[in-house]
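Student: If you scroll down you'll find the structure; I have some questions about it.
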Amino acid sequence: MEKVEHRAVMKFLTKEGNNAKEIYECMVAVYTDTAPSYATVARWNKEFRHGRESLEDDPRPGRPSDVTTDDNVARVKRMILENRRVKVEEIERELGISYGSVCNIIHENLAMTKVSARWVPRNLTPHDRLQCRQSSEELLLLYNQDPEEFESRIVTGDDTWVHHWDPETKLESMAWKHKGSPTPIKFRAQPSARKIMATTFWDCKGVLMLDYAPRGRTITGQYYAEELARLKECIRQKRRGKLSHGVLLLHDNAPVHKARVAQVALCECEFEKLNHPPYSPDLAPGDYFLFRHLKAALRGRRFEDDEDVQHAVQEWIEQQSGDFWLSGIRSLRDKWHKCIEVEGGYIEK
C-alpha cells in the first residue's frame with residue numbers, strides 16, 4: 001500500500017509541473033527514511049509525464065517458471081567457461097531467459113561470482129614460486145620446533161617512505177549521513193613530495209631501533225652495514241641475553257641487503273640470516289603488518305617538517321602494546337602456511 005501511496009504523490013506533483021529532483025526533495029522532507037529512492041522517483045516521474053495513469057506495477061511478461069533447468073544451467077556454464085568476462089546481458093540475449101534467472105543460475109546453481117583481477121607485485125615464474133614455497137616450509141619447520149624460542153630470537157627489519165602528507169583512501173573517508181543529505185565529495189590527491197626514509201628493526205617485544213636516513217643520502221650496502229652495527233648495540237642495551245641466544249634476522253632481498261659489505265657485517269654481528277624468498281612483500285611483516293598499521297594511523301594528517309613526522313611515528317610506536325608486536329611476529333606462521341597452500345603464489349590479504 002505504501003508504494004501506491006508514494007506513486008499517487010509522485011503523480012500529483014508531476015501534474016503540478018515539478019521535476020524529479022523537486023519531487024524527491026519534497027518526499028524526503030515528508031517521508032524521511034521511508035521515502036523512495038531518487039531513481040524510483042525519476043522513473044515514475046518520467047512515466048507520468050508521458051501520460052501514464054495507472055499506479056500499479058505493469059503485469060510481468062509470462063515466462064515459464066522452470067527456466068532453471070539442467071539444460072539452461074549447462075548452457076550458462078558453457079558460455080562462462082568459454083569467456084570468463086561474458087556479461088549477464090549477453091547470456092540473457094543468447095539464451096532468451098531473464099536477467100534475474102541468469103543471475104540465479106550463476107550464483108545459486110554454479111556458485112560463481114564475478115571479481116576483478118588482483119594486483120600483485122610481480123608475475124612470479126615457476127622458479128620464484130618454488131623458492132617461496134621451499135623457504136616457507138623451511139621457516140615453518142624452524143618455527144614449529146620451538147615456537148617460544150623462535151619468537152624470542154627473531155628480529156625483523158625493513159624500510160619505508162613516510163610522507164609529510166598522505167591522503168586518506170576513499171574507504172577510510174567514509175562517513176554516515178541521513179538519507180536526504182548530500183553525499184560528501186572527495187578530491188583526488190597525491191601524497192606530498194616531501195618524505196623521509198624510515199628504517200625499523202623490531203621483535204616480539206617492540207622496536208629495537210628506529211633510524212632515519214639523512215636527506216639526500218643514498219642507501220648503500222655500506223650504510224646498511226653501519227645500521228647492522230648500531231642494531232647490535234641496541235639489542236645489547238634493550239634485550240639482555242638476546243645476543244647470547246643468537247639473533248635470527250629476517251629482512252628482504254633488497255640489493256643493499258645482499259651487498260658484500262652488508263654480508264660481512266652480518267657475520268661480524270653474528271646474526272643468523274633467515275631465508276626470505278625474493279619478490280615477497282606478502283611474507284615481510286614490516287610490509288604487511290607494521291607499516292600498514294603505521295601509515296593508516298598517519299594518513300590524512302599534515303606535518304610541517306621531518307621532525308614532526310618523526311615525532312608522530314615515535315608517538316604511534318609508543319602507543320602500541322606488547323601484544324601488538326607479538327601478534328606481528330606470530331602472524332608469520334600463518335603467512336608461511338598460506339604460502340605453502342597456494343604453492344608459492346601471492347597470498348590474499
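In the C-alpha cells, chains take the letters A, B, ... in the order shown, each chain's residues start at 1, and ligands count up from 1 in the order shown.
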Skip A:Pro255 itself and residues of its chain fewer than 2 positions away, then list as a list of chain:residue names all residues within 12 Å of it, counting only C-alpha atoms.
Tutor: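 Here the qualifying residues turn out to be A:Ile219, A:Thr220, A:Gly221, A:Gln222, A:Tyr224, A:His251, A:Asp252, A:Asn253, A:His257, A:Lys258, A:Ala259, A:Arg260, A:Val261, A:Ala262, A:Gln263, A:Pro278, A:Tyr279.
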Student: Run DSSP on the backbone and grab whatever in stretch 133-256 of chain A lands in strand (DSSP E); send it over as a PyMOL selection string.
Tutor: chain A and resi 154-163+195-203+206-212+247-250
Student: Write out as a count of residues only the set of residues from stretch 57-281 of chain A that DSSP, computed on the backbone, places in helix (DSSP H, G or I).
Tutor: 96
Student: Need to verify the contact set: A:Lys170, 12 Å, only C-alpha atoms, exclusion of same-chain residues closer than 6 positions in sequence. Can you return it as a PDB file with N, CA and C atoms, in the first residue's frame?
Tutor:
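File produced: selection-v6.pdb:
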ATOM      1  N   PRO A 184      28.979  13.358   0.672  1.00  0.00           N
ATOM      2  CA  PRO A 184      30.241  14.117   0.727  1.00  0.00           C
ATOM      3  C   PRO A 184      31.077  13.865  -0.527  1.00  0.00           C
ATOM      4  N   ILE A 185      31.860  14.857  -0.909  1.00  0.00           N
ATOM      5  CA  ILE A 185      32.736  14.686  -2.067  1.00  0.00           C
ATOM      6  C   ILE A 185      34.183  14.646  -1.591  1.00  0.00           C
ATOM      7  N   LYS A 186      35.034  14.006  -2.386  1.00  0.00           N
ATOM      8  CA  LYS A 186      36.442  13.863  -2.027  1.00  0.00           C
ATOM      9  C   LYS A 186      37.271  14.136  -3.268  1.00  0.00           C
ATOM     10  N   PHE A 187      38.207  15.061  -3.157  1.00  0.00           N
ATOM     11  CA  PHE A 187      39.047  15.400  -4.297  1.00  0.00           C
ATOM     12  C   PHE A 187      40.211  14.412  -4.406  1.00  0.00           C
ATOM     13  N   ARG A 188      40.542  14.073  -5.638  1.00  0.00           N
ATOM     14  CA  ARG A 188      41.667  13.175  -5.865  1.00  0.00           C
ATOM     15  C   ARG A 188      42.968  13.896  -5.494  1.00  0.00           C
ATOM     16  N   ALA A 189      43.794  13.249  -4.715  1.00  0.00           N
ATOM     17  CA  ALA A 189      45.036  13.876  -4.250  1.00  0.00           C
ATOM     18  C   ALA A 189      46.158  12.859  -4.229  1.00  0.00           C
ATOM     19  N   ARG A 299      47.760   8.564   7.992  1.00  0.00           N
ATOM     20  CA  ARG A 299      47.118   9.038   6.767  1.00  0.00           C
ATOM     21  C   ARG A 299      46.083  10.122   7.069  1.00  0.00           C
ATOM     22  N   GLY A 300      46.131  11.183   6.285  1.00  0.00           N
ATOM     23  CA  GLY A 300      45.202  12.294   6.469  1.00  0.00           C
ATOM     24  C   GLY A 300      45.753  13.404   7.350  1.00  0.00           C
TER      25      GLY A 300
END
Student: Quick one: residues within 9 Å of A:Met10, only C-alpha atoms, excluding same-chain residues fewer than 6 positions away - as a ChimeraX atom specification?
Tutor: /A:20,23-24,27,41,44-45,48
Student: Can those selected residues be exported to a file as a PDB file, in the first residue's frame so that it contains C-alpha atoms?
Tutor:
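The resulting file, out16.pdb, is shown below:
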ATOM      1  CA  ALA A  20      12.143  14.549 -10.429  1.00  0.00           C
ATOM      2  CA  ILE A  23       9.589  15.674  -6.123  1.00  0.00           C
ATOM      3  CA  TYR A  24      12.348  13.653  -4.447  1.00  0.00           C
ATOM      4  CA  MET A  27       9.104  13.334  -0.423  1.00  0.00           C
ATOM      5  CA  VAL A  41      11.136   8.923  -8.282  1.00  0.00           C
ATOM      6  CA  TRP A  44       7.822   7.254 -12.194  1.00  0.00           C
ATOM      7  CA  ASN A  45       8.102  10.984 -12.926  1.00  0.00           C
ATOM      8  CA  PHE A  48       3.616  10.136 -15.564  1.00  0.00           C
TER       9      PHE A  48
END
Student: Go through A:Leu124, A:Pro167, A:Arg153, A:Trp119 and flag the residue nearest A:Arg240, using only C-alpha atoms for the distances.
Tutor: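 Closest residue, counting only C-alpha atoms: A:Arg153.
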